[in-house]
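Student: Sharing coords28.csv (CSV, C-alpha atoms) below.
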chain,number,residue,atom,x,y,z
I,280,MET,CA,0.0,0.0,0.0
I,281,LYS,CA,1.4,3.3,-1.0
I,282,VAL,CA,1.5,5.8,1.8
I,283,SER,CA,0.6,9.3,0.6
I,284,GLU,CA,2.7,12.4,1.0
I,285,ILE,CA,1.3,15.0,3.3
I,286,PHE,CA,2.3,18.6,3.1
I,287,LEU,CA,1.8,20.6,6.2
I,288,SER,CA,2.5,24.3,6.4
I,289,GLY,CA,3.7,26.2,9.4
I,290,VAL,CA,5.3,29.4,10.6
I,291,PRO,CA,9.1,29.3,11.0
I,292,ALA,CA,10.0,29.9,14.7
I,293,SER,CA,13.6,28.6,14.4
I,294,GLU,CA,15.4,28.3,11.1
I,295,GLY,CA,16.7,25.1,9.7
I,296,MET,CA,16.2,21.9,7.8
I,297,ALA,CA,15.9,18.5,9.3
I,298,ALA,CA,14.7,14.9,8.7
I,299,GLY,CA,13.6,12.3,11.1
I,300,ALA,CA,10.8,10.1,12.3
I,301,LEU,CA,7.8,12.1,13.5
I,302,VAL,CA,6.8,11.4,17.1
I,303,GLN,CA,3.7,12.7,18.8
I,304,HIS,CA,4.7,14.3,22.0
I,305,GLN,CA,2.9,13.4,25.2
I,306,LEU,CA,2.1,16.2,27.5
I,307,ARG,CA,3.9,15.6,30.8
I,308,ARG,CA,1.7,17.9,32.9
I,309,SER,CA,-1.8,19.1,32.4
I,310,ASP,CA,-4.5,21.4,33.7
I,311,LEU,CA,-6.4,18.5,35.2
I,312,ILE,CA,-6.1,17.8,38.9
I,313,ASP,CA,-7.6,15.2,41.2
I,314,ARG,CA,-7.0,15.7,44.9
I,315,GLN,CA,-8.6,15.7,48.3
I,316,VAL,CA,-9.7,19.2,49.5
I,317,GLY,CA,-9.3,20.3,53.1
I,318,ASN,CA,-10.4,23.3,55.1
I,319,PRO,CA,-9.0,26.8,54.3
I,320,GLN,CA,-6.1,26.5,56.7
I,321,GLN,CA,-5.1,23.2,55.1
I,322,GLU,CA,-5.6,24.6,51.6
I,323,GLN,CA,-3.3,27.5,52.5
I,324,TYR,CA,-0.7,25.0,53.5
I,325,VAL,CA,-1.1,23.0,50.3
I,326,LEU,CA,-0.7,26.2,48.3
I,327,GLN,CA,2.5,27.3,50.1
I,328,GLN,CA,4.0,23.8,49.8
I,329,ALA,CA,3.2,23.7,46.1
I,330,LEU,CA,4.7,27.1,45.5
I,331,ASP,CA,7.8,26.1,47.4
I,332,GLN,CA,8.1,22.9,45.4
I,333,ALA,CA,7.6,24.9,42.1
I,334,ARG,CA,10.3,27.4,43.1
I,335,THR,CA,12.7,24.5,43.9
I,336,GLU,CA,12.0,22.7,40.6
I,337,ILE,CA,12.4,25.8,38.5
I,338,SER,CA,15.6,26.9,40.4
I,339,LYS,CA,17.1,23.4,39.8
I,340,LEU,CA,16.2,23.6,36.1
I,341,MET,CA,17.9,27.0,35.9
I,342,ALA,CA,21.0,25.9,37.7
I,343,ARG,CA,21.8,23.1,35.3
I,344,LEU,CA,21.1,25.0,32.1
I,345,ASP,CA,22.7,27.7,30.1
I,346,GLN,CA,22.2,31.5,30.1
I,347,THR,CA,19.2,31.6,27.7
I,348,ALA,CA,17.3,29.0,29.5
I,349,THR,CA,18.0,30.6,32.8
I,350,GLU,CA,16.8,34.0,31.6
I,351,ILE,CA,13.6,32.5,30.3
I,352,MET,CA,12.8,30.5,33.5
I,353,GLU,CA,13.5,33.4,35.7
I,354,PHE,CA,10.3,35.1,34.6
I,355,GLN,CA,8.4,32.1,36.1
I,356,LEU,CA,10.5,32.2,39.2
I,357,ALA,CA,10.0,35.9,39.6
I,358,LEU,CA,6.2,35.4,39.4
I,359,LEU,CA,6.4,32.8,42.2
I,360,GLU,CA,8.1,35.5,44.3
I,361,ASP,CA,5.7,38.3,43.4
I,362,GLU,CA,3.5,38.9,46.4
I,363,ASP,CA,0.9,41.0,44.5
I,364,PHE,CA,0.6,38.2,42.0
I,365,LEU,CA,0.1,35.5,44.7
I,366,ALA,CA,-2.1,37.5,47.1
I,367,PRO,CA,-5.5,36.9,45.4
I,368,VAL,CA,-4.9,33.1,45.6
I,369,SER,CA,-4.7,33.2,49.4
I,370,THR,CA,-7.7,35.5,49.6
I,371,SER,CA,-9.7,33.1,47.5
I,372,ILE,CA,-8.8,30.2,49.7
I,373,ASN,CA,-9.9,32.1,52.8
I,374,LYS,CA,-13.2,32.5,51.1
I,375,GLY,CA,-13.5,28.8,50.7
I,376,LYS,CA,-12.0,27.9,47.4
I,377,SER,CA,-9.7,24.9,47.2
I,378,ALA,CA,-6.0,25.6,46.6
I,379,HIS,CA,-6.1,24.4,43.0
I,380,GLU,CA,-9.3,26.2,42.1
I,381,ALA,CA,-8.0,29.5,43.6
I,382,TRP,CA,-4.6,29.1,41.8
I,383,THR,CA,-6.1,28.1,38.5
I,384,GLU,CA,-8.6,31.0,38.5
I,385,MET,CA,-6.0,33.5,39.3
I,386,VAL,CA,-3.6,32.3,36.7
I,387,ASN,CA,-6.3,32.0,34.1
I,388,THR,CA,-7.4,35.6,34.7
I,389,GLU,CA,-3.8,36.7,34.2
I,390,ILE,CA,-3.5,34.6,31.1
I,391,SER,CA,-6.6,36.3,29.6
I,392,ASP,CA,-5.1,39.7,30.4
I,393,TYR,CA,-1.9,38.9,28.6
I,394,VAL,CA,-3.6,37.4,25.6
I,395,ALA,CA,-5.9,40.5,25.4
I,396,ALA,CA,-3.0,42.8,25.4
I,397,ASP,CA,-2.6,42.0,21.8
I,398,GLU,CA,1.1,42.5,21.5
I,399,SER,CA,3.1,39.4,20.4
I,400,TYR,CA,5.5,39.6,23.3
I,401,MET,CA,2.6,39.9,25.8
I,402,VAL,CA,0.7,36.9,24.3
I,403,ALA,CA,3.9,34.9,24.5
I,404,ARG,CA,4.0,35.4,28.2
I,405,ALA,CA,0.7,33.5,28.4
I,406,ASP,CA,2.7,30.3,27.6
I,407,ASP,CA,5.0,31.0,30.6
I,408,LEU,CA,1.9,31.4,32.7
I,409,ILE,CA,0.4,28.1,31.5
I,410,ASP,CA,3.7,26.4,32.1
I,411,LEU,CA,3.7,27.8,35.7
I,412,LYS,CA,0.1,27.0,36.2
I,413,ARG,CA,0.7,23.3,35.4
I,414,CYS,CA,3.9,23.2,37.4
I,415,VAL,CA,2.1,24.3,40.6
I,416,LEU,CA,-0.9,22.1,39.9
I,417,ALA,CA,1.3,19.1,39.6
I,418,ALA,CA,3.0,19.9,42.9
I,419,MET,CA,-0.5,20.3,44.5
I,420,SER,CA,-1.6,16.9,43.3
I,421,GLY,CA,1.4,15.4,44.9
I,422,ASN,CA,2.8,14.2,41.6
I,423,ILE,CA,6.6,14.3,41.8
I,424,ASP,CA,7.6,13.7,38.3
I,425,THR,CA,10.8,11.6,38.6
I,426,GLU,CA,10.4,10.0,35.2
I,427,PRO,CA,13.0,11.4,32.8
I,428,SER,CA,11.8,12.5,29.4
I,429,PRO,CA,11.7,9.7,26.8
I,430,THR,CA,14.9,9.4,24.8
I,431,HIS,CA,14.8,8.5,21.2
I,432,SER,CA,17.4,6.6,19.2
I,433,GLU,CA,18.1,9.3,16.7
I,434,GLY,CA,16.9,12.6,15.3
I,435,VAL,CA,13.1,12.6,15.8
I,436,VAL,CA,10.8,15.4,14.8
I,437,ILE,CA,8.6,16.2,17.8
I,438,ALA,CA,5.0,17.0,17.0
I,439,ALA,CA,2.7,18.6,19.6
I,440,CYS,CA,-0.2,20.9,20.1
I,441,GLU,CA,2.1,23.1,22.1
I,442,ILE,CA,5.3,22.8,24.1
I,443,MET,CA,5.9,24.7,27.3
I,444,PRO,CA,9.4,26.1,28.2
I,445,SER,CA,9.9,23.7,31.0
I,446,GLU,CA,8.9,20.7,28.8
I,447,PHE,CA,11.4,21.8,26.1
I,448,LEU,CA,14.1,22.1,28.7
I,449,GLU,CA,13.4,18.6,29.9
I,450,LEU,CA,13.6,17.1,26.4
I,451,ASP,CA,16.7,15.1,25.5
I,452,LEU,CA,17.7,17.6,22.8
I,453,SER,CA,20.5,15.4,21.5
I,454,SER,CA,18.0,13.1,20.0
I,455,ILE,CA,15.7,15.8,18.6
I,456,SER,CA,16.1,17.0,15.0
I,457,ALA,CA,13.2,19.4,14.8
I,458,ILE,CA,10.0,20.5,16.5
I,459,ALA,CA,6.5,21.2,15.0
I,460,THR,CA,3.5,22.5,17.0
I,461,SER,CA,0.0,23.3,15.8
I,462,GLY,CA,-0.2,26.1,18.3
I,463,GLY,CA,2.6,28.4,19.5
I,464,SER,CA,4.3,31.6,18.3
I,465,PRO,CA,7.6,32.7,16.9
I,466,SER,CA,8.1,35.1,19.8
I,467,SER,CA,7.4,32.6,22.5
I,468,HIS,CA,10.1,31.6,25.0
I,469,VAL,CA,10.2,28.1,23.5
I,470,ALA,CA,11.0,29.6,20.1
I,471,ILE,CA,13.8,31.5,21.6
I,472,LEU,CA,15.1,28.4,23.3
I,473,ALA,CA,14.9,26.4,20.0
I,474,ARG,CA,16.8,29.1,18.2
I,475,ALA,CA,19.5,29.2,20.9
I,476,ARG,CA,19.9,25.4,20.5
I,477,GLY,CA,19.8,25.5,16.7
I,478,ILE,CA,16.8,23.2,16.5
I,479,PRO,CA,14.5,23.9,13.6
I,480,MET,CA,11.0,24.7,14.7
I,481,LEU,CA,7.7,25.4,13.0
I,482,VAL,CA,4.7,26.7,14.9
I,483,GLY,CA,1.0,27.2,13.9
I,484,CYS,CA,1.1,24.1,11.8
I,485,ASP,CA,-1.9,22.6,10.1
I,486,SER,CA,-3.8,20.6,12.7
I,487,GLU,CA,-3.4,17.5,10.5
I,488,LEU,CA,0.1,17.4,12.1
I,489,LEU,CA,-1.4,15.9,15.3
I,490,LYS,CA,-3.0,13.0,13.4
I,491,VAL,CA,0.2,11.8,11.8
I,492,PRO,CA,1.1,8.4,13.2
I,493,SER,CA,4.3,8.3,15.3
I,494,GLY,CA,7.1,6.8,13.3
I,495,SER,CA,6.2,8.4,9.9
I,496,ALA,CA,9.1,9.9,8.1
I,497,ALA,CA,9.2,13.7,8.0
I,498,LEU,CA,11.2,16.4,6.4
I,499,VAL,CA,11.2,19.8,8.0
I,500,ASP,CA,12.1,22.8,5.9
I,501,THR,CA,11.6,26.3,7.5
I,502,ASP,CA,12.7,28.1,4.3
I,503,LEU,CA,9.7,26.6,2.6
I,504,SER,CA,7.6,26.9,5.8
I,505,GLN,CA,6.6,23.3,5.6
I,506,ILE,CA,6.8,19.7,6.8
I,507,ILE,CA,6.6,16.9,4.3
I,508,VAL,CA,5.4,13.6,5.8
I,509,ASN,CA,6.0,10.3,4.1
I,510,PRO,CA,8.2,12.0,1.4
I,511,GLN,CA,8.5,10.2,-1.9
I,512,LYS,CA,12.0,9.1,-2.8
I,513,ASP,CA,12.6,12.0,-5.3
I,514,ARG,CA,11.5,14.5,-2.7
I,515,HIS,CA,13.8,13.0,-0.1
I,516,ILE,CA,16.7,13.1,-2.5
I,517,ALA,CA,16.1,16.8,-3.4
I,518,PHE,CA,15.8,17.6,0.3
I,519,GLN,CA,19.1,15.9,1.1
I,520,SER,CA,20.8,17.8,-1.7
I,521,ARG,CA,19.4,21.1,-0.4
I,522,LEU,CA,20.4,20.2,3.1
I,523,SER,CA,24.0,19.6,2.0
I,524,GLN,CA,24.1,22.9,0.2
I,525,HIS,CA,22.6,24.6,3.3
I,526,ARG,CA,25.4,23.0,5.5
I,527,ASN,CA,28.1,24.0,3.1
I,528,LEU,CA,26.9,27.6,3.1
I,529,GLU,CA,26.9,27.6,6.9
I,530,LYS,CA,30.5,26.3,6.9
I,531,ARG,CA,31.6,29.0,4.6
I,532,GLY,CA,29.9,31.5,6.9
I,533,THR,CA,27.6,33.1,4.3
F,3,MET,CA,2.6,60.2,48.2
F,4,SER,CA,4.1,62.7,50.6
F,5,ASP,CA,7.8,63.2,50.7
F,6,SER,CA,8.3,61.0,47.7
F,7,THR,CA,11.3,61.1,45.3
F,8,MET,CA,10.6,61.2,41.6
F,9,GLY,CA,12.5,60.4,38.5
F,10,SER,CA,12.0,59.6,34.9
F,11,ALA,CA,13.7,57.7,32.0
F,12,VAL,CA,12.8,56.9,28.5
F,13,ILE,CA,12.9,53.3,27.4
F,14,GLU,CA,15.3,53.1,24.5
F,15,GLY,CA,16.2,49.7,23.2
F,16,ALA,CA,14.1,47.5,20.9
F,17,ALA,CA,13.2,45.2,23.8
F,18,GLY,CA,10.7,47.5,25.4
F,19,PHE,CA,9.5,45.8,28.6
F,20,HIS,CA,9.9,42.2,27.7
F,21,ALA,CA,10.2,39.5,30.3
F,22,ARG,CA,13.9,40.0,31.1
F,23,PRO,CA,13.7,43.8,31.7
F,24,ALA,CA,10.5,43.3,33.8
F,25,VAL,CA,12.3,40.8,36.0
F,26,LYS,CA,15.3,43.0,36.3
F,27,VAL,CA,13.2,46.1,37.2
F,28,SER,CA,11.3,44.3,39.9
F,29,LYS,CA,14.4,42.6,41.3
F,30,LEU,CA,16.1,45.9,41.7
F,31,ALA,CA,13.0,47.6,43.2
F,32,LYS,CA,12.8,44.8,45.8
F,33,LYS,CA,16.3,45.6,47.0
F,34,PHE,CA,15.0,48.8,48.6
F,35,ASN,CA,12.9,49.3,51.7
F,36,ALA,CA,11.1,52.2,50.1
F,37,ASN,CA,7.8,51.7,48.2
F,38,VAL,CA,8.7,52.0,44.6
F,39,GLU,CA,6.2,52.7,41.9
F,40,LEU,CA,6.2,53.2,38.1
F,41,SER,CA,3.9,55.0,35.7
F,42,VAL,CA,3.7,55.0,31.9
F,43,SER,CA,0.5,57.1,31.9
F,44,ASN,CA,2.2,60.3,32.9
F,45,GLY,CA,1.3,59.8,36.6
F,46,GLU,CA,-2.3,58.8,36.1
F,47,ARG,CA,-1.8,55.2,37.1
F,48,TRP,CA,1.0,53.9,39.3
F,49,ILE,CA,2.0,50.2,39.6
F,50,ASN,CA,4.1,48.5,42.3
F,51,ALA,CA,7.6,48.2,40.8
F,52,LYS,CA,8.3,45.2,43.1
F,53,SER,CA,5.7,43.1,41.3
F,54,THR,CA,7.1,41.4,38.2
F,55,ASN,CA,3.6,40.8,36.9
F,56,ALA,CA,2.5,44.4,37.3
F,57,VAL,CA,5.7,45.6,35.6
F,58,MET,CA,5.3,43.2,32.7
F,59,LYS,CA,1.7,44.2,32.2
F,60,MET,CA,2.7,47.9,31.9
F,61,LYS,CA,3.2,47.4,28.2
F,62,ALA,CA,6.1,49.9,28.3
F,63,THR,CA,7.3,50.0,24.7
F,64,THR,CA,10.3,51.6,23.1
F,65,GLY,CA,10.2,55.4,23.4
F,66,THR,CA,7.8,55.3,26.4
F,67,GLN,CA,8.7,57.7,29.2
F,68,LEU,CA,8.6,55.9,32.5
F,69,LEU,CA,8.0,57.8,35.7
F,70,ILE,CA,9.4,56.4,38.9
F,71,ARG,CA,8.5,57.4,42.4
F,72,ALA,CA,9.6,56.1,45.8
F,73,GLU,CA,8.8,56.8,49.4
F,74,GLY,CA,10.8,55.7,52.3
F,75,VAL,CA,14.3,55.7,53.9
F,76,ASP,CA,16.2,54.8,50.8
F,77,ALA,CA,13.8,56.4,48.3
F,78,ASP,CA,16.5,58.6,46.7
F,79,THR,CA,18.8,55.7,46.0
F,80,ALA,CA,15.9,53.6,44.8
F,81,VAL,CA,14.9,56.1,42.2
F,82,SER,CA,18.4,56.9,40.9
F,83,ASN,CA,19.2,53.2,40.6
F,84,MET,CA,16.0,52.5,38.7
F,85,VAL,CA,16.7,55.4,36.4
F,86,THR,CA,20.2,54.1,35.7
F,87,LEU,CA,19.0,50.6,35.0
F,88,ILE,CA,16.4,51.9,32.5
F,89,ARG,CA,18.9,54.3,30.8
F,90,GLN,CA,21.4,51.4,30.5
F,91,ASN,CA,18.7,49.5,28.6
F,92,PHE,CA,18.4,47.1,31.4
F,93,GLU,CA,22.1,46.0,31.3
F,94,ASP,CA,23.2,45.3,34.8
F,95,ALA,CA,25.9,47.6,36.1
Represent the structure of the file as structure tokens.
Tutor:
Amino acid sequence: MKVSEIFLSGVPASEGMAAGALVQHQLRRSDLIDRQVGNPQQEQYVLQQALDQARTEISKLMARLDQTATEIMEFQLALLEDEDFLAPVSTSINKGKSAHEAWTEMVNTEISDYVAADESYMVARADDLIDLKRCVLAAMSGNIDTEPSPTHSEGVVIAACEIMPSEFLELDLSSISAIATSGGSPSSHVAILARARGIPMLVGCDSELLKVPSGSAALVDTDLSQIIVNPQKDRHIAFQSRLSQHRNLEKRGT
Amino acid sequence: MSDSTMGSAVIEGAAGFHARPAVKVSKLAKKFNANVELSVSNGERWINAKSTNAVMKMKATTGTQLLIRAEGVDADTAVSNMVTLIRQNFEDA
């Protein structure tokens, strides 16, 4: 049975060309939470513990990474140390809301504000807030994620709806040849990280991306703003030829 | 604010108030005992400079004039340091 070629367009967020097996990325943390709720005093304690755990996790991530990653995560850390930012959560808990509801509502309100600001760099902050939201929720649910990110044998193309900064930083980048997301923006922190690491990335891809079976061959070409899935032989050969030219140009420093 | 110190600076570089500058501004403000506030609306609305979130949401873009005011023991130092940071395009001293 002949597998058909699929052309998916996207917006370049990090320049480059790469080939690899496409792998659908599993979200490591989510907005969902399932936990026992206590009285306000108990919920305050849960909140403070979760915030402390989040601070520790982010600080650890910053400590073992390079300058760019550190600078990016420090926004999240600064929010965790922002009393005005955190105050409404405690107030909400005192009024009877559970720790996770109070936290989620506050962060969602902030996310709406950032998205409504209608400037790309403001909208990009929404990603950082979503990342932070999930990090604290995970801490509240008592999930200590000790499982390392899956490693792949060689050069995979990660496909996802979205990738959060902390998720990106947890990926084993040596085995990743490119990233494609159906959501996301070129001015997001993840895009900055991908550029700093020299990993080609396309955002805002056709949603078909998420239906591609893991293991399908993929060619990522940000010059053409596209991904070709199941490339025909000729296509593959032409791609490799362009890829070599690309590399030669890079070496010559043009 | 009574007995407050004021200062102003124009945001120069292309960055405007992106995440990094916002973090730097609030971190600096937190070093001082004084209350430190910022305004991009010519003094109509003031935000707490020690709150990274509030600073980030100011939408202070390139060319914006930022007003700074502080009240407290180290208010003068607070204002002059903040002005310096902004004029240096948020590069640390």
Student: For the contact check between chain I and chain F, emit one row per residue of chain I within 9 Å, containing the shortest atom pair and the distance in Å rounded to one decimal, counting only C-alpha atoms, chain then rising number order, as JSON lines.
Tutor:
{"residue": "I:Glu350", "atom": "CA", "partner": "F:Arg22", "partner_atom": "CA", "distance": 6.7}
{"residue": "I:Ile351", "atom": "CA", "partner": "F:Arg22", "partner_atom": "CA", "distance": 7.5}
{"residue": "I:Glu353", "atom": "CA", "partner": "F:Val25", "partner_atom": "CA", "distance": 7.5}
{"residue": "I:Phe354", "atom": "CA", "partner": "F:Ala21", "partner_atom": "CA", "distance": 6.2}
{"residue": "I:Ala357", "atom": "CA", "partner": "F:Thr54", "partner_atom": "CA", "distance": 6.4}
{"residue": "I:Leu358", "atom": "CA", "partner": "F:Thr54", "partner_atom": "CA", "distance": 6.2}
{"residue": "I:Glu360", "atom": "CA", "partner": "F:Ser53", "partner_atom": "CA", "distance": 8.5}
{"residue": "I:Asp361", "atom": "CA", "partner": "F:Ser53", "partner_atom": "CA", "distance": 5.2}
{"residue": "I:Glu362", "atom": "CA", "partner": "F:Ser53", "partner_atom": "CA", "distance": 7.0}
{"residue": "I:Asp363", "atom": "CA", "partner": "F:Ser53", "partner_atom": "CA", "distance": 6.1}
{"residue": "I:Phe364", "atom": "CA", "partner": "F:Asn55", "partner_atom": "CA", "distance": 6.5}
{"residue": "I:Glu389", "atom": "CA", "partner": "F:Asn55", "partner_atom": "CA", "distance": 8.9}
{"residue": "I:Asp392", "atom": "CA", "partner": "F:Lys59", "partner_atom": "CA", "distance": 8.4}
{"residue": "I:Tyr393", "atom": "CA", "partner": "F:Lys59", "partner_atom": "CA", "distance": 7.3}
{"residue": "I:Ala396", "atom": "CA", "partner": "F:Lys61", "partner_atom": "CA", "distance": 8.2}
{"residue": "I:Glu398", "atom": "CA", "partner": "F:Lys61", "partner_atom": "CA", "distance": 8.6}
{"residue": "I:Tyr400", "atom": "CA", "partner": "F:His20", "partner_atom": "CA", "distance": 6.7}
{"residue": "I:Met401", "atom": "CA", "partner": "F:Lys59", "partner_atom": "CA", "distance": 7.8}
{"residue": "I:Arg404", "atom": "CA", "partner": "F:Ala21", "partner_atom": "CA", "distance": 7.7}
Student: How many Å lie between CA of Thr79 (chain F) and CA of Asn37 (chain F), rounded to one decimal?
Tutor: 11.9 Å
Student: Excluding region 488-501 of chain I and its own-chain neighbours fewer than 3 positions away, which residues fall within 6 Å of it when counting all atoms listed in the file? Please give them as a PyMOL selection string.
Tutor: chain I and resi 291+294-303+485+504-509
Student: What lies within 8 Å of Asn91 (chain F) using all atoms listed in the file, ignoring chain neighbours under 5 positions off, as a list of chain:residue names?
Tutor: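 The contact residues come out as F:Ile13, F:Glu14, F:Gly15.
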Student: Would you compute the distance between CA of Ser523 (chain I) and CA of Gly434 (chain I)? Give it in Å to one decimal.
Tutor: 16.6 Å
Student: Measuring between all atoms listed in the file, which one of I:His379, I:His525, I:His515, I:His468 shows the shortest distance to Ala418 (chain I)?
Tutor: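 Selected residue with least distance to Ala418 (chain I): I:His379.
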Student: Please indicate the distance in Å from CA of Ser467 (chain I) to CA of Gln90 (chain F), rounded to one decimal place.
Tutor: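 Going from CA of Ser467 (chain I) over to CA of Gln90 (chain F) covers 24.8 Å.
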Student: Under the rule that all atoms listed in the file are counted, which of F:Met84, F:Ile70, F:Val75, F:Val27 is the nearest residue to Ser10 (chain F)?
Tutor: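 Closest to Ser10 (chain F), using all atoms listed in the file: F:Ile70.
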Student: Using all atoms listed in the file, give me every residue within 9 Å of (-1.0, 30.7, 21.6) in file coordinates, as a list of chain:residue names.
Tutor: I:Val394, I:Val402, I:Ala403, I:Ala405, I:Asp406, I:Glu441, I:Gly462, I:Gly463, I:Ser464, I:Ser467, I:Gly483
Student: Residues at most 8 Å from region 469-472 of chain I, counting all atoms listed in the file, excluding those fewer than 6 positions away in the same chain, as a count of residues only?
Tutor: 9
Student: Pick from I:Gln305, I:Gln355, I:Ser371, I:Thr349: nearest to Val415 (chain I), with only C-alpha atoms counted?
Tutor: I:Gln355
Student: Which residue out of I:Ser520, I:Ser399, I:Gln346, I:Asn318 has the minimum interatomic distance to Ala475 (chain I) when only C-alpha atoms are used?
Tutor: I:Gln346
Student: Arg47 (chain F): which residues within 12 Å, counting all atoms listed in the file, same-chain residues fewer than 3 positions away excluded, as a PyMOL selection string?
Tutor: chain F and resi 39-44+50+56+60+68-71
Student: Would you fill out region 316-335 of chain I with N, CA and C atoms and return it as a tab-separated table (two decimals), keeping the file's coordinate frame?
Tutor:
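Result went into selection13.tsv, see below:
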chain	number	residue	atom	x	y	z
I	316	VAL	N	-9.67	17.80	49.06
I	316	VAL	CA	-9.70	19.20	49.50
I	316	VAL	C	-9.90	19.29	50.98
I	317	GLY	N	-9.13	20.17	51.66
I	317	GLY	CA	-9.30	20.30	53.10
I	317	GLY	C	-9.94	21.66	53.45
I	318	ASN	N	-9.84	22.06	54.70
I	318	ASN	CA	-10.40	23.30	55.10
I	318	ASN	C	-9.43	24.46	54.68
I	319	PRO	N	-9.86	25.73	54.79
I	319	PRO	CA	-9.00	26.80	54.30
I	319	PRO	C	-7.57	26.79	54.85
I	320	GLN	N	-7.42	26.48	56.11
I	320	GLN	CA	-6.10	26.50	56.70
I	320	GLN	C	-5.22	25.40	56.01
I	321	GLN	N	-5.84	24.26	55.78
I	321	GLN	CA	-5.10	23.20	55.10
I	321	GLN	C	-4.81	23.53	53.67
I	322	GLU	N	-5.78	24.19	53.02
I	322	GLU	CA	-5.60	24.60	51.60
I	322	GLU	C	-4.46	25.61	51.49
I	323	GLN	N	-4.37	26.52	52.47
I	323	GLN	CA	-3.30	27.50	52.50
I	323	GLN	C	-1.94	26.79	52.53
I	324	TYR	N	-1.90	25.77	53.39
I	324	TYR	CA	-0.70	25.00	53.50
I	324	TYR	C	-0.31	24.30	52.23
I	325	VAL	N	-1.32	23.71	51.59
I	325	VAL	CA	-1.10	23.00	50.30
I	325	VAL	C	-0.54	24.03	49.28
I	326	LEU	N	-1.13	25.22	49.27
I	326	LEU	CA	-0.70	26.20	48.30
I	326	LEU	C	0.80	26.59	48.57
I	327	GLN	N	1.14	26.87	49.83
I	327	GLN	CA	2.50	27.30	50.10
I	327	GLN	C	3.49	26.15	49.81
I	328	GLN	N	3.13	24.93	50.12
I	328	GLN	CA	4.00	23.80	49.80
I	328	GLN	C	4.22	23.68	48.31
I	329	ALA	N	3.12	23.82	47.56
I	329	ALA	CA	3.20	23.70	46.10
I	329	ALA	C	4.05	24.80	45.51
I	330	LEU	N	3.88	26.02	46.02
I	330	LEU	CA	4.70	27.10	45.50
I	330	LEU	C	6.16	26.91	45.82
I	331	ASP	N	6.45	26.40	47.01
I	331	ASP	CA	7.80	26.10	47.40
I	331	ASP	C	8.42	25.04	46.46
I	332	GLN	N	7.62	24.01	46.21
I	332	GLN	CA	8.10	22.90	45.40
I	332	GLN	C	8.38	23.46	43.94
I	333	ALA	N	7.47	24.29	43.45
I	333	ALA	CA	7.60	24.90	42.10
I	333	ALA	C	8.90	25.73	42.07
I	334	ARG	N	9.13	26.52	43.10
I	334	ARG	CA	10.30	27.40	43.10
I	334	ARG	C	11.59	26.49	43.08
I	335	THR	N	11.58	25.43	43.85
I	335	THR	CA	12.70	24.50	43.90
I	335	THR	C	12.96	23.88	42.52
